$ cat structure-v6.pdb   # PDB, C-alpha atoms
ATOM      1  CA  MET A   1     -15.095  53.158  19.934
ATOM      2  CA  SER A   2     -15.277  56.332  21.998
ATOM      3  CA  VAL A   3     -12.451  58.835  21.968
ATOM      4  CA  ARG A   4     -11.247  59.961  25.371
ATOM      5  CA  ARG A   5     -11.118  63.674  25.805
ATOM      6  CA  PRO A   6      -8.015  65.150  27.442
ATOM      7  CA  LEU A   7      -8.450  66.069  31.115
ATOM      8  CA  LYS A   8      -8.754  69.726  31.922
ATOM      9  CA  PRO A   9      -6.402  71.056  34.595
ATOM     10  CA  LEU A  10      -8.009  72.011  37.889
ATOM     11  CA  ASP A  11      -8.875  75.654  38.331
ATOM     12  CA  LEU A  12      -6.386  76.581  41.050
ATOM     13  CA  SER A  13      -8.010  79.977  41.496
ATOM     14  CA  LYS A  14     -10.683  78.114  43.488
ATOM     15  CA  VAL A  15      -8.210  76.672  46.030
ATOM     16  CA  LYS A  16      -9.212  77.481  49.641
ATOM     17  CA  THR A  17      -6.548  78.153  52.268
ATOM     18  CA  TYR A  18      -6.522  79.175  55.909
ATOM     19  CA  ARG A  19      -4.187  80.938  58.338
ATOM     20  CA  LEU A  20      -1.760  78.590  60.139
ATOM     21  CA  LYS A  21      -2.493  80.129  63.557
ATOM     22  CA  SER A  22      -6.157  79.219  63.211
ATOM     23  CA  ARG A  23      -5.422  75.495  62.721
ATOM     24  CA  HIS A  24      -5.424  72.904  65.508
ATOM     25  CA  SER A  25      -1.954  71.287  65.504
ATOM     26  CA  LEU A  26      -1.032  67.976  67.103
ATOM     27  CA  VAL A  27       2.431  69.100  68.194
ATOM     28  CA  GLN A  28       2.791  72.236  70.296
ATOM     29  CA  ARG A  29       5.912  74.164  71.213
ATOM     30  CA  ASP A  30       5.567  73.375  74.889
ATOM     31  CA  ALA A  31       5.746  69.650  74.050
ATOM     32  CA  LEU A  32       9.286  69.886  72.670
ATOM     33  CA  ALA A  33      12.181  68.157  74.410
ATOM     34  CA  THR A  34      14.473  69.920  76.839
ATOM     35  CA  PRO A  35      18.155  69.143  76.175
ATOM     36  CA  PRO A  36      19.671  67.041  78.989
ATOM     37  CA  ARG A  37      22.394  68.500  81.145
ATOM     38  CA  PRO A  38      25.153  66.784  83.112
ATOM     39  CA  GLY A  39      24.166  65.797  86.634
ATOM     40  CA  GLN A  40      20.424  66.404  86.249
ATOM     41  CA  SER A  41      17.961  64.334  88.268
ATOM     42  CA  VAL A  42      15.932  61.449  86.851
ATOM     43  CA  SER A  43      12.816  63.559  87.369
ATOM     44  CA  ASP A  44      14.277  66.409  85.322
ATOM     45  CA  PHE A  45      15.329  63.991  82.583
ATOM     46  CA  LEU A  46      11.854  62.474  82.369
ATOM     47  CA  GLY A  47      10.260  65.914  82.451
ATOM     48  CA  GLY A  48      12.515  66.936  79.594
ATOM     49  CA  LEU A  49      11.320  64.200  77.263
ATOM     50  CA  PRO A  50       9.184  65.430  74.379
ATOM     51  CA  GLN A  51       5.541  65.259  75.462
ATOM     52  CA  VAL A  52       4.405  63.411  72.346
ATOM     53  CA  LEU A  53       3.596  59.798  71.494
ATOM     54  CA  ALA A  54       5.442  57.141  73.561
ATOM     55  CA  ALA A  55       7.392  59.658  75.682
ATOM     56  CA  ARG A  56       4.148  61.300  76.790
ATOM     57  CA  ASP A  57       2.583  57.885  77.366
ATOM     58  CA  LEU A  58       5.541  56.787  79.500
ATOM     59  CA  ASN A  59       5.083  59.677  81.906
ATOM     60  CA  ASP A  60       1.298  59.284  81.920
ATOM     61  CA  VAL A  61       1.465  55.524  82.574
ATOM     62  CA  ALA A  62       4.062  55.936  85.320
ATOM     63  CA  ALA A  63       1.875  58.517  87.042
ATOM     64  CA  GLU A  64      -1.139  56.221  86.738
ATOM     65  CA  ILE A  65       0.744  53.213  88.150
ATOM     66  CA  ALA A  66       1.875  55.375  91.087
ATOM     67  CA  ARG A  67      -1.668  56.641  91.651
ATOM     68  CA  ARG A  68      -3.173  53.156  91.582
ATOM     69  CA  HIS A  69      -0.465  51.811  93.885
ATOM     70  CA  ARG A  70      -1.223  54.561  96.411
ATOM     71  CA  ALA A  71      -4.890  53.615  96.183
ATOM     72  CA  GLY A  72      -4.048  50.026  97.123
ATOM     73  CA  ARG A  73      -4.730  48.519  93.709
ATOM     74  CA  THR A  74      -2.983  45.365  92.506
ATOM     75  CA  VAL A  75      -0.016  45.744  90.163
ATOM     76  CA  ALA A  76       0.979  42.447  88.515
ATOM     77  CA  LEU A  77       3.800  41.590  86.131
ATOM     78  CA  GLY A  78       3.766  38.811  83.541
ATOM     79  CA  MET A  79       7.035  38.020  81.807
ATOM     80  CA  GLY A  80       9.013  35.805  79.496
ATOM     81  CA  ALA A  81      12.578  34.680  80.119
ATOM     82  CA  HIS A  82      14.304  37.388  78.079
ATOM     83  CA  PRO A  83      14.036  40.098  80.776
ATOM     84  CA  ILE A  84      16.094  37.857  83.088
ATOM     85  CA  LYS A  85      18.661  37.263  80.343
ATOM     86  CA  VAL A  86      19.133  41.005  79.805
ATOM     87  CA  GLY A  87      19.722  41.725  83.471
ATOM     88  CA  LEU A  88      16.396  43.028  84.761
ATOM     89  CA  SER A  89      15.916  40.697  87.738
ATOM     90  CA  PRO A  90      17.273  43.219  90.303
ATOM     91  CA  LEU A  91      14.710  45.816  89.188
ATOM     92  CA  ILE A  92      11.838  43.346  89.462
ATOM     93  CA  ILE A  93      13.048  42.125  92.852
ATOM     94  CA  ASP A  94      13.355  45.723  94.056
ATOM     95  CA  PHE A  95       9.749  46.436  93.075
ATOM     96  CA  MET A  96       8.658  43.271  94.896
ATOM     97  CA  ARG A  97      10.567  44.368  98.000
ATOM     98  CA  ARG A  98       8.991  47.835  97.869
ATOM     99  CA  GLY A  99       5.499  46.343  97.600
ATOM    100  CA  LEU A 100       5.060  47.794  94.116
ATOM    101  CA  LEU A 101       4.436  44.353  92.584
ATOM    102  CA  GLN A 102       1.830  42.114  94.184
ATOM    103  CA  ALA A 103       2.273  39.198  91.764
ATOM    104  CA  VAL A 104       4.636  37.934  89.056
ATOM    105  CA  ALA A 105       3.760  35.380  86.365
ATOM    106  CA  PHE A 106       6.553  33.443  84.591
ATOM    107  CA  ASN A 107       6.553  31.332  81.489
ATOM    108  CA  GLY A 108       8.341  28.004  81.881
ATOM    109  CA  ALA A 109      11.675  29.164  80.474
ATOM    110  CA  SER A 110      11.942  31.867  83.138
ATOM    111  CA  ILE A 111      12.628  29.346  85.914
ATOM    112  CA  ILE A 112      15.626  28.049  83.933
ATOM    113  CA  HIS A 113      17.402  31.396  83.805
ATOM    114  CA  ASP A 114      16.259  32.444  87.280
ATOM    115  CA  PHE A 115      17.723  29.264  88.780
ATOM    116  CA  GLU A 116      20.968  29.406  86.790
ATOM    117  CA  MET A 117      21.591  32.987  87.883
ATOM    118  CA  ALA A 118      20.995  31.974  91.516
ATOM    119  CA  TYR A 119      23.108  28.817  91.244
ATOM    120  CA  ALA A 120      26.013  29.873  89.013
ATOM    121  CA  GLY A 121      25.717  33.625  88.554
ATOM    122  CA  LYS A 122      25.428  33.106  84.797
ATOM    123  CA  THR A 123      22.912  31.818  82.252
ATOM    124  CA  SER A 124      21.988  31.632  78.544
ATOM    125  CA  GLU A 125      23.900  29.079  76.524
ATOM    126  CA  ASP A 126      24.817  29.232  72.840
ATOM    127  CA  VAL A 127      21.849  27.268  71.454
ATOM    128  CA  ALA A 128      23.076  27.035  67.872
ATOM    129  CA  ALA A 129      26.517  25.766  68.880
ATOM    130  CA  ASN A 130      25.202  23.154  71.308
ATOM    131  CA  LEU A 131      22.325  21.977  69.141
ATOM    132  CA  ALA A 132      24.734  20.458  66.622
ATOM    133  CA  ASP A 133      25.817  17.637  68.968
ATOM    134  CA  GLY A 134      22.635  17.426  71.042
ATOM    135  CA  SER A 135      24.150  18.959  74.180
ATOM    136  CA  PHE A 136      21.782  21.956  74.150
ATOM    137  CA  GLY A 137      19.858  22.213  77.408
ATOM    138  CA  MET A 138      21.545  19.216  78.994
ATOM    139  CA  SER A 139      23.038  20.887  82.062
ATOM    140  CA  GLU A 140      22.805  18.210  84.753
ATOM    141  CA  ASP A 141      22.587  20.808  87.536
ATOM    142  CA  THR A 142      19.683  22.689  85.965
ATOM    143  CA  GLY A 143      17.627  19.648  85.047
ATOM    144  CA  ARG A 144      18.134  17.832  88.341
ATOM    145  CA  PHE A 145      17.511  20.791  90.655
ATOM    146  CA  LEU A 146      14.396  22.095  88.926
ATOM    147  CA  ASN A 147      12.763  18.738  88.217
ATOM    148  CA  GLU A 148      13.378  17.573  91.789
ATOM    149  CA  ALA A 149      11.982  20.821  93.189
ATOM    150  CA  ILE A 150       8.826  20.411  91.113
ATOM    151  CA  ALA A 151       8.434  16.713  91.950
ATOM    152  CA  ASN A 152       8.895  17.452  95.667
ATOM    153  CA  ALA A 153       6.354  20.271  95.830
ATOM    154  CA  TYR A 154       4.299  20.300  99.001
ATOM    155  CA  GLU A 155       0.652  19.340  98.741
ATOM    156  CA  GLY A 156      -1.231  22.303  97.308
ATOM    157  CA  GLU A 157       1.983  24.147  96.407
ATOM    158  CA  GLY A 158       2.388  25.719  92.972
ATOM    159  CA  LEU A 159       5.383  25.321  90.698
ATOM    160  CA  GLY A 160       6.751  28.807  91.334
ATOM    161  CA  ALA A 161       6.546  28.462  95.106
ATOM    162  CA  ALA A 162       8.128  24.987  95.006
ATOM    163  CA  VAL A 163      11.146  26.150  93.017
ATOM    164  CA  GLY A 164      11.470  29.400  94.955
ATOM    165  CA  ARG A 165      11.411  27.520  98.259
ATOM    166  CA  ALA A 166      14.025  25.063  96.969
ATOM    167  CA  ILE A 167      16.328  27.941  95.979
ATOM    168  CA  VAL A 168      15.963  29.548  99.410
ATOM    169  CA  GLU A 169      16.434  26.281 101.320
ATOM    170  CA  ALA A 170      19.521  25.356  99.259
ATOM    171  CA  HIS A 171      21.167  28.687 100.133
ATOM    172  CA  LEU A 172      22.318  29.098  96.538
ATOM    173  CA  PRO A 173      25.255  31.515  96.326
ATOM    174  CA  TYR A 174      23.527  34.088  94.147
ATOM    175  CA  ALA A 175      19.962  33.666  95.414
ATOM    176  CA  ALA A 176      19.699  37.437  95.841
ATOM    177  CA  ASN A 177      19.323  37.563  92.047
ATOM    178  CA  SER A 178      16.382  35.131  92.028
ATOM    179  CA  ILE A 179      12.865  36.451  91.451
ATOM    180  CA  LEU A 180      11.485  33.093  92.595
ATOM    181  CA  ALA A 181      13.383  33.337  95.879
ATOM    182  CA  ALA A 182      12.241  36.941  96.302
ATOM    183  CA  GLY A 183       8.674  35.723  95.979
ATOM    184  CA  ILE A 184       9.207  33.493  99.019
ATOM    185  CA  LEU A 185      11.060  36.155 101.008
ATOM    186  CA  TYR A 186       8.596  38.980 100.350
ATOM    187  CA  GLY A 187       5.378  36.970 100.196
ATOM    188  CA  VAL A 188       4.722  37.801  96.532
ATOM    189  CA  PRO A 189       3.185  34.947  94.513
ATOM    190  CA  VAL A 190       5.361  34.011  91.534
ATOM    191  CA  THR A 191       3.355  31.700  89.306
ATOM    192  CA  VAL A 192       4.802  29.574  86.491
ATOM    193  CA  HIS A 193       2.836  28.637  83.397
ATOM    194  CA  VAL A 194       4.301  25.736  81.453
ATOM    195  CA  ALA A 195       3.712  24.293  77.997
ATOM    196  CA  ILE A 196       5.101  20.745  78.087
ATOM    197  CA  GLY A 197       8.052  20.328  75.736
ATOM    198  CA  THR A 198       9.003  24.000  75.496
ATOM    199  CA  ASP A 199      11.632  24.029  78.260
ATOM    200  CA  ILE A 200      15.023  22.315  78.413
ATOM    201  CA  ILE A 201      14.291  20.497  81.672
ATOM    202  CA  HIS A 202      11.553  18.550  79.889
ATOM    203  CA  MET A 203      14.294  16.739  77.922
ATOM    204  CA  HIS A 204      15.803  15.323  81.117
ATOM    205  CA  PRO A 205      14.883  11.847  82.404
ATOM    206  CA  SER A 206      14.029  13.410  85.767
ATOM    207  CA  ALA A 207      11.099  15.386  84.297
ATOM    208  CA  ASP A 208       7.792  14.363  85.871
ATOM    209  CA  GLY A 209       4.936  15.372  83.598
ATOM    210  CA  ALA A 210       2.286  14.773  86.238
ATOM    211  CA  ALA A 211       4.093  16.997  88.748
ATOM    212  CA  ILE A 212       4.771  19.712  86.172
ATOM    213  CA  GLY A 213       1.152  19.715  85.057
ATOM    214  CA  ALA A 214      -0.327  19.636  88.560
ATOM    215  CA  THR A 215       1.871  22.422  89.967
ATOM    216  CA  SER A 216       1.448  24.617  86.900
ATOM    217  CA  LEU A 217      -2.331  24.183  87.089
ATOM    218  CA  ARG A 218      -2.244  25.287  90.725
ATOM    219  CA  ASP A 219      -0.326  28.352  89.615
ATOM    220  CA  PHE A 220      -2.958  29.073  86.982
ATOM    221  CA  HIS A 221      -5.598  29.038  89.701
ATOM    222  CA  THR A 222      -3.417  31.392  91.764
ATOM    223  CA  LEU A 223      -3.093  33.743  88.800
ATOM    224  CA  ALA A 224      -6.874  33.682  88.380
ATOM    225  CA  ALA A 225      -7.168  34.703  92.046
ATOM    226  CA  VAL A 226      -4.736  37.550  91.359
ATOM    227  CA  ALA A 227      -6.785  38.563  88.318
ATOM    228  CA  ALA A 228      -9.840  38.730  90.573
ATOM    229  CA  THR A 229      -8.128  41.557  92.500
ATOM    230  CA  LEU A 230      -7.333  43.633  89.403
ATOM    231  CA  GLN A 231     -10.340  45.950  89.653
ATOM    232  CA  GLY A 232      -8.726  49.309  88.876
ATOM    233  CA  GLY A 233      -5.356  47.563  88.855
ATOM    234  CA  VAL A 234      -2.407  47.192  86.502
ATOM    235  CA  PHE A 235      -1.089  44.277  84.443
ATOM    236  CA  ILE A 236       2.265  44.540  82.651
ATOM    237  CA  ASN A 237       3.332  41.989  80.040
ATOM    238  CA  LEU A 238       7.116  42.100  79.731
ATOM    239  CA  GLY A 239       8.485  40.163  76.803
ATOM    240  CA  SER A 240       6.093  37.221  76.474
ATOM    241  CA  ALA A 241       4.786  36.917  72.933
ATOM    242  CA  VAL A 242       2.370  34.009  73.394
ATOM    243  CA  LEU A 243       2.155  32.122  76.672
ATOM    244  CA  ILE A 244       1.581  34.838  79.277
ATOM    245  CA  PRO A 245      -0.953  36.773  77.124
ATOM    246  CA  GLU A 246      -2.917  33.555  76.597
ATOM    247  CA  VAL A 247      -2.791  32.526  80.262
ATOM    248  CA  PHE A 248      -3.636  36.029  81.493
ATOM    249  CA  LEU A 249      -6.718  36.204  79.268
ATOM    250  CA  LYS A 250      -8.026  32.886  80.609
ATOM    251  CA  ALA A 251      -7.245  33.815  84.214
ATOM    252  CA  LEU A 252      -9.079  37.118  83.805
ATOM    253  CA  ASN A 253     -12.044  35.409  82.185
ATOM    254  CA  LEU A 254     -12.219  32.816  84.967
ATOM    255  CA  ALA A 255     -12.246  35.568  87.601
ATOM    256  CA  ARG A 256     -15.068  37.372  85.819
ATOM    257  CA  ASN A 257     -16.937  34.102  85.247
ATOM    258  CA  VAL A 258     -17.210  33.423  88.983
ATOM    259  CA  GLY A 259     -18.594  36.889  89.585
ATOM    260  CA  LYS A 260     -15.545  39.040  90.311
ATOM    261  CA  ARG A 261     -15.798  42.578  89.007
ATOM    262  CA  VAL A 262     -12.602  43.405  87.101
ATOM    263  CA  GLU A 263     -12.911  46.707  85.257
ATOM    264  CA  LYS A 264     -10.906  49.910  84.734
ATOM    265  CA  LEU A 265      -7.795  47.875  84.001
ATOM    266  CA  LEU A 266      -4.557  49.525  82.962
ATOM    267  CA  THR A 267      -2.552  47.114  80.801
ATOM    268  CA  ILE A 268       0.915  47.569  79.332
ATOM    269  CA  ASP A 269       2.746  45.451  76.774
ATOM    270  CA  MET A 270       6.516  45.869  76.587
ATOM    271  CA  ASP A 271       8.549  44.075  73.926
ATOM    272  CA  PHE A 272      11.090  44.855  71.233
ATOM    273  CA  VAL A 273       8.527  44.032  68.527
ATOM    274  CA  ARG A 274       4.735  44.049  68.616
ATOM    275  CA  HIS A 275       3.003  40.680  68.516
ATOM    276  CA  TYR A 276      -0.592  39.690  67.818
ATOM    277  CA  ARG A 277      -1.439  38.009  71.131
ATOM    278  CA  PRO A 278      -0.194  40.750  73.458
ATOM    279  CA  GLN A 279      -2.010  43.264  71.243
ATOM    280  CA  MET A 280      -5.298  41.389  71.555
ATOM    281  CA  ASN A 281      -5.039  39.580  74.907
ATOM    282  CA  VAL A 282      -3.313  42.269  76.968
ATOM    283  CA  VAL A 283      -3.799  45.674  75.372
ATOM    284  CA  GLN A 284      -7.226  45.465  73.703
ATOM    285  CA  ARG A 285      -9.606  42.753  74.892
ATOM    286  CA  PRO A 286      -9.163  42.989  78.696
ATOM    287  CA  THR A 287      -9.522  46.792  78.684
ATOM    288  CA  ARG A 288     -12.534  47.010  76.402
ATOM    289  CA  GLY A 289     -15.113  49.451  77.694
ATOM    290  CA  THR A 290     -13.615  50.911  80.848
ATOM    291  CA  GLY A 291      -9.861  50.340  80.726
ATOM    292  CA  ARG A 292      -6.783  51.528  78.859
ATOM    293  CA  GLY A 293      -3.998  49.609  77.166
ATOM    294  CA  TYR A 294      -0.554  50.751  76.046
ATOM    295  CA  HIS A 295       2.383  49.453  74.027
ATOM    296  CA  PHE A 296       5.982  50.417  74.742
ATOM    297  CA  THR A 297       8.090  48.984  71.956
ATOM    298  CA  GLY A 298      11.841  48.791  72.399
ATOM    299  CA  HIS A 299      14.669  46.892  74.045
ATOM    300  CA  HIS A 300      13.712  45.531  77.455
ATOM    301  CA  GLU A 301      17.025  46.565  78.982
ATOM    302  CA  ILE A 302      16.258  50.206  78.145
ATOM    303  CA  MET A 303      12.482  50.538  78.267
ATOM    304  CA  PHE A 304      11.747  48.693  81.515
ATOM    305  CA  PRO A 305      14.357  50.585  83.609
ATOM    306  CA  LEU A 306      12.895  53.804  82.194
ATOM    307  CA  LEU A 307       9.418  52.796  83.337
ATOM    308  CA  CYS A 308      10.686  51.752  86.775
ATOM    309  CA  ALA A 309      12.559  55.041  87.214
ATOM    310  CA  ALA A 310       9.514  56.994  86.102
ATOM    311  CA  VAL A 311       7.226  55.185  88.557
ATOM    312  CA  LEU A 312       9.606  55.794  91.456
ATOM    313  CA  GLU A 313       9.828  59.485  90.552
ATOM    314  CA  LYS A 314       6.025  59.766  90.458
ATOM    315  CA  LEU A 315       5.866  58.176  93.905
TER     316      LEU A 315
END
$ encode --input "structure-v6.pdb" --output "structure tokens"
Amino acid sequence: MSVRRPLKPLDLSKVKTYRLKSRHSLVQRDALATPPRPGQSVSDFLGGLPQVLAARDLNDVAAEIARRHRAGRTVALGMGAHPIKVGLSPLIIDFMRRGLLQAVAFNGASIIHDFEMAYAGKTSEDVAANLADGSFGMSEDTGRFLNEAIANAYEGEGLGAAVGRAIVEAHLPYAANSILAAGILYGVPVTVHVAIGTDIIHMHPSADGAAIGATSLRDFHTLAAVAATLQGGVFINLGSAVLIPEVFLKALNLARNVGKRVEKLLTIDMDFVRHYRPQMNVVQRPTRGTGRGYHFTGHHEIMFPLLCAAVLEKL
């Protein structure tokens, strides 16, 4: 059995040092924040953010979105339902009206909250409370209106256009808050991408699976046509953890498969936590080679208005 010798201390007289001023440092004095002051402009506030990490990226991305918009490139938004539930519809509608968004892609749940806001001026039930007696999702108004709109879609009409048209034609009292209606009014395609069984209206007897599937497939083909125009464009994923990232990836692939050149993409994922599919299917895979992808992690109701304000300031 060998006996281990005690370790000798390092000879600290051999330590090598350098002068601090000679070192490259990642944070510079001119990147520090400027304290806000009462009454300052949005531009001054944004300029006063520390020019490091996400704050620097926010300003850079806003400037790039503005530049690409000026150059006539497509800017498209994909989203889950949560942005509607936290009050962001007016911002999205405003960007559609200004021509800053050329397309919007919904998951299936988004039409629920978009319609309820247009119809009743309120949305988002207490799921846990209503699940106990089976009344969750059983609003007669919501199920009947949406399922009838889908079933009565015109020939060749997608799900988003069918529901948006129905909202406009019904003159719902709060239709000004509807992204789907704005799509009709401003000529911006709003596509809806449904997984059967994920949305409350699928529990209603009026649900027509054939109509839901056919209109959602048409919307997928529309999204693929949008993806074909994203050469040098922008795609933002706002709060969809699974469905929109998966659909966007397939739409982009289909566009490239039929010979459309879609490179130099700028992609942005915005959510309050980071998920695998947006990381891979929005930020990394579509931008590989010539594009750039960014994450902005935080509450939608704070981060998205910041981005919108920053883009408007850059314009």
$ atom_distance --input "structure-v6.pdb" --atom1 "atom CA of Arg70 of chain A" --atom2 "atom CA of Arg97 of chain A"
15.7 Å
$ resolve_selection --input "structure-v6.pdb" --expression "the PyMOL selection byres ((chain A and resi 256) around 12)" --output "list in words"
Ala224, Ala225, Val226, Ala227, Ala228, Thr229, Leu230, Gln231, Leu249, Lys250, Ala251, Leu252, Asn253, Leu254, Ala255, Asn257, Val258, Gly259, Lys260, Arg261, Val262, Glu263 and Pro286 of chain A
$ closest_atom_pairs --input "structure-v6.pdb" --of "segment 123-175 of chain A" --to "segment 184-207 of chain A" --cutoff "9 Å" --atoms "all atoms listed in the file" --output "JSON lines"
{"residue": "A:Phe136", "atom": "CA", "partner": "A:Ile200", "partner_atom": "CA", "distance": 8.0}
{"residue": "A:Gly137", "atom": "CA", "partner": "A:Ile200", "partner_atom": "CA", "distance": 4.9}
{"residue": "A:Met138", "atom": "CA", "partner": "A:Ile200", "partner_atom": "CA", "distance": 7.2}
{"residue": "A:Ser139", "atom": "CA", "partner": "A:Ile201", "partner_atom": "CA", "distance": 8.8}
{"residue": "A:Glu140", "atom": "CA", "partner": "A:His204", "partner_atom": "CA", "distance": 8.4}
{"residue": "A:Thr142", "atom": "CA", "partner": "A:Ile201", "partner_atom": "CA", "distance": 7.2}
{"residue": "A:Gly143", "atom": "CA", "partner": "A:Ile201", "partner_atom": "CA", "distance": 4.8}
{"residue": "A:Arg144", "atom": "CA", "partner": "A:Ser206", "partner_atom": "CA", "distance": 6.6}
{"residue": "A:Leu146", "atom": "CA", "partner": "A:Ile201", "partner_atom": "CA", "distance": 7.4}
{"residue": "A:Asn147", "atom": "CA", "partner": "A:Ala207", "partner_atom": "CA", "distance": 5.4}
{"residue": "A:Glu148", "atom": "CA", "partner": "A:Ser206", "partner_atom": "CA", "distance": 7.3}
{"residue": "A:Ile150", "atom": "CA", "partner": "A:Ala207", "partner_atom": "CA", "distance": 8.8}
{"residue": "A:Ala151", "atom": "CA", "partner": "A:Ala207", "partner_atom": "CA", "distance": 8.2}
{"residue": "A:Gly158", "atom": "CA", "partner": "A:Thr191", "partner_atom": "CA", "distance": 7.1}
{"residue": "A:Leu159", "atom": "CA", "partner": "A:Val192", "partner_atom": "CA", "distance": 6.0}
{"residue": "A:Gly160", "atom": "CA", "partner": "A:Thr191", "partner_atom": "CA", "distance": 4.9}
{"residue": "A:Ala161", "atom": "CA", "partner": "A:Val190", "partner_atom": "CA", "distance": 6.7}
{"residue": "A:Gly164", "atom": "CA", "partner": "A:Ile184", "partner_atom": "CA", "distance": 6.2}
{"residue": "A:Arg165", "atom": "CA", "partner": "A:Ile184", "partner_atom": "CA", "distance": 6.4}
{"residue": "A:Val168", "atom": "CA", "partner": "A:Ile184", "partner_atom": "CA", "distance": 7.8}
$ closest_residue --input "structure-v6.pdb" --among "A:Gly209, A:Gly183, A:Gly72, A:Gly293" --to "Phe95 of chain A" --atoms "all atoms listed in the file"
A:Gly183
$ atom_distance --input "structure-v6.pdb" --atom1 "atom CA of Gly232 of chain A" --atom2 "atom CA of Glu157 of chain A"
28.4 Å
$ residues_near_point --input "structure-v6.pdb" --point "(20.5, 34.6, 95.5)" --cutoff "10 Å" --atoms "only C-alpha atoms" --output "NGL selection string"
:A and (114-115 or 117-121 or 167-168 or 171-182)
$ write_last_selection --input "structure-v6.pdb" --atoms "C-alpha atoms" --output "PDB file, in the frame of the given file"
ATOM      1  CA  ASP A 114      16.259  32.444  87.280  1.00  0.00           C
ATOM      2  CA  PHE A 115      17.723  29.264  88.780  1.00  0.00           C
ATOM      3  CA  MET A 117      21.591  32.987  87.883  1.00  0.00           C
ATOM      4  CA  ALA A 118      20.995  31.974  91.516  1.00  0.00           C
ATOM      5  CA  TYR A 119      23.108  28.817  91.244  1.00  0.00           C
ATOM      6  CA  ALA A 120      26.013  29.873  89.013  1.00  0.00           C
ATOM      7  CA  GLY A 121      25.717  33.625  88.554  1.00  0.00           C
ATOM      8  CA  ILE A 167      16.328  27.941  95.979  1.00  0.00           C
ATOM      9  CA  VAL A 168      15.963  29.548  99.410  1.00  0.00           C
ATOM     10  CA  HIS A 171      21.167  28.687 100.133  1.00  0.00           C
ATOM     11  CA  LEU A 172      22.318  29.098  96.538  1.00  0.00           C
ATOM     12  CA  PRO A 173      25.255  31.515  96.326  1.00  0.00           C
ATOM     13  CA  TYR A 174      23.527  34.088  94.147  1.00  0.00           C
ATOM     14  CA  ALA A 175      19.962  33.666  95.414  1.00  0.00           C
ATOM     15  CA  ALA A 176      19.699  37.437  95.841  1.00  0.00           C
ATOM     16  CA  ASN A 177      19.323  37.563  92.047  1.00  0.00           C
ATOM     17  CA  SER A 178      16.382  35.131  92.028  1.00  0.00           C
ATOM     18  CA  ILE A 179      12.865  36.451  91.451  1.00  0.00           C
ATOM     19  CA  LEU A 180      11.485  33.093  92.595  1.00  0.00           C
ATOM     20  CA  ALA A 181      13.383  33.337  95.879  1.00  0.00           C
ATOM     21  CA  ALA A 182      12.241  36.941  96.302  1.00  0.00           C
TER      22      ALA A 182
END
$ atom_distance --input "structure-v6.pdb" --atom1 "atom CA of Met270 of chain A" --atom2 "atom CA of His82 of chain A"
11.6 Å
$ closest_residue --input "structure-v6.pdb" --among "A:Ala241, A:Ala149, A:Leu100, A:Ile84" --to "Arg67 of chain A" --atoms "all atoms listed in the file"
A:Leu100
$ closest_residue --input "structure-v6.pdb" --among "A:Ile112, A:Ile92, A:Thr34, A:Lys8" --to "Leu49 of chain A" --atoms "all atoms listed in the file"
A:Thr34
$ resolve_selection --input "structure-v6.pdb" --expression "the PyMOL selection byres ((chain A and resi 80) around 6)" --output "ChimeraX atom specification"
/A:79,81-82,107,239-240
$ axis_aligned_box --input "structure-v6.pdb" --around "segment 53-71 of chain A" --padding-each-side "6 Å" --output "lines of an AutoDock Vina configuration file"
center_x = 1.3
center_y = 56.6
center_z = 84.0
size_x = 24.3
size_y = 21.5
size_z = 36.9
$ closest_residue --input "structure-v6.pdb" --among "A:Ser216, A:Ser25, A:Ser43, A:Asn281" --to "Leu306 of chain A" --atoms "all atoms listed in the file"
A:Ser43
$ residues_around --input "structure-v6.pdb" --residues "Thr287 of chain A" --least-positions-apart "5" --cutoff "7 Å" --atoms "all atoms listed in the file" --output "ChimeraX atom specification"
/A:264-265,292-293
$ resolve_selection --input "structure-v6.pdb" --expression "the PyMOL selection byres ((chain A and resi 295) around 7)" --output "compact mmCIF listing (two decimals) with C-alpha atoms, in the frame of the given file"
# COMPACT_ATOMS: atom_id res chain seq x y z
CA ILE A 268 0.92 47.57 79.33
CA ASP A 269 2.75 45.45 76.77
CA MET A 270 6.52 45.87 76.59
CA TYR A 294 -0.55 50.75 76.05
CA PHE A 296 5.98 50.42 74.74
CA THR A 297 8.09 48.98 71.96
$ closest_residue --input "structure-v6.pdb" --among "A:Asp44, A:Leu10, A:Ala153, A:Gly289" --to "Ala309 of chain A" --atoms "only C-alpha atoms"
A:Asp44
$ residues_around --input "structure-v6.pdb" --residues "Val42 of chain A" --least-positions-apart "3" --cutoff "9 Å" --atoms "all atoms listed in the file" --output "VMD selection string"
chain A and resid 45 to 47 309 to 310 313
$ write_last_selection --input "structure-v6.pdb" --atoms "C-alpha atoms" --output "PDB file, in the frame of the given file"
ATOM      1  CA  PHE A  45      15.329  63.991  82.583  1.00  0.00           C
ATOM      2  CA  LEU A  46      11.854  62.474  82.369  1.00  0.00           C
ATOM      3  CA  GLY A  47      10.260  65.914  82.451  1.00  0.00           C
ATOM      4  CA  ALA A 309      12.559  55.041  87.214  1.00  0.00           C
ATOM      5  CA  ALA A 310       9.514  56.994  86.102  1.00  0.00           C
ATOM      6  CA  GLU A 313       9.828  59.485  90.552  1.00  0.00           C
TER       7      GLU A 313
END
$ closest_residue --input "structure-v6.pdb" --among "A:Leu88, A:Leu101, A:Leu77, A:Ala166" --to "Val282 of chain A" --atoms "all atoms listed in the file"
A:Leu77
$ residues_around --input "structure-v6.pdb" --residues "segment 51-64 of chain A" --least-positions-apart "6" --cutoff "7 Å" --atoms "all atoms listed in the file" --output "list in words"
Ala31, Leu32, Phe296, Leu307, Ala310, Val311 and Lys314 of chain A
$ decode --input "structure-v6.pdb" --residues "segment 123-127 of chain A" --atoms "C-alpha atoms" --output "JSON list (two decimals), in the first residue's frame"
[["chain", "number", "residue", "atom", "x", "y", "z"],
["A", 123, "THR", "CA", -62.91, 37.22, -20.99],
["A", 124, "SER", "CA", -60.96, 34.56, -19.04],
["A", 125, "GLU", "CA", -63.02, 32.45, -16.69],
["A", 126, "ASP", "CA", -61.92, 30.83, -13.44],
["A", 127, "VAL", "CA", -60.99, 27.39, -14.82]]
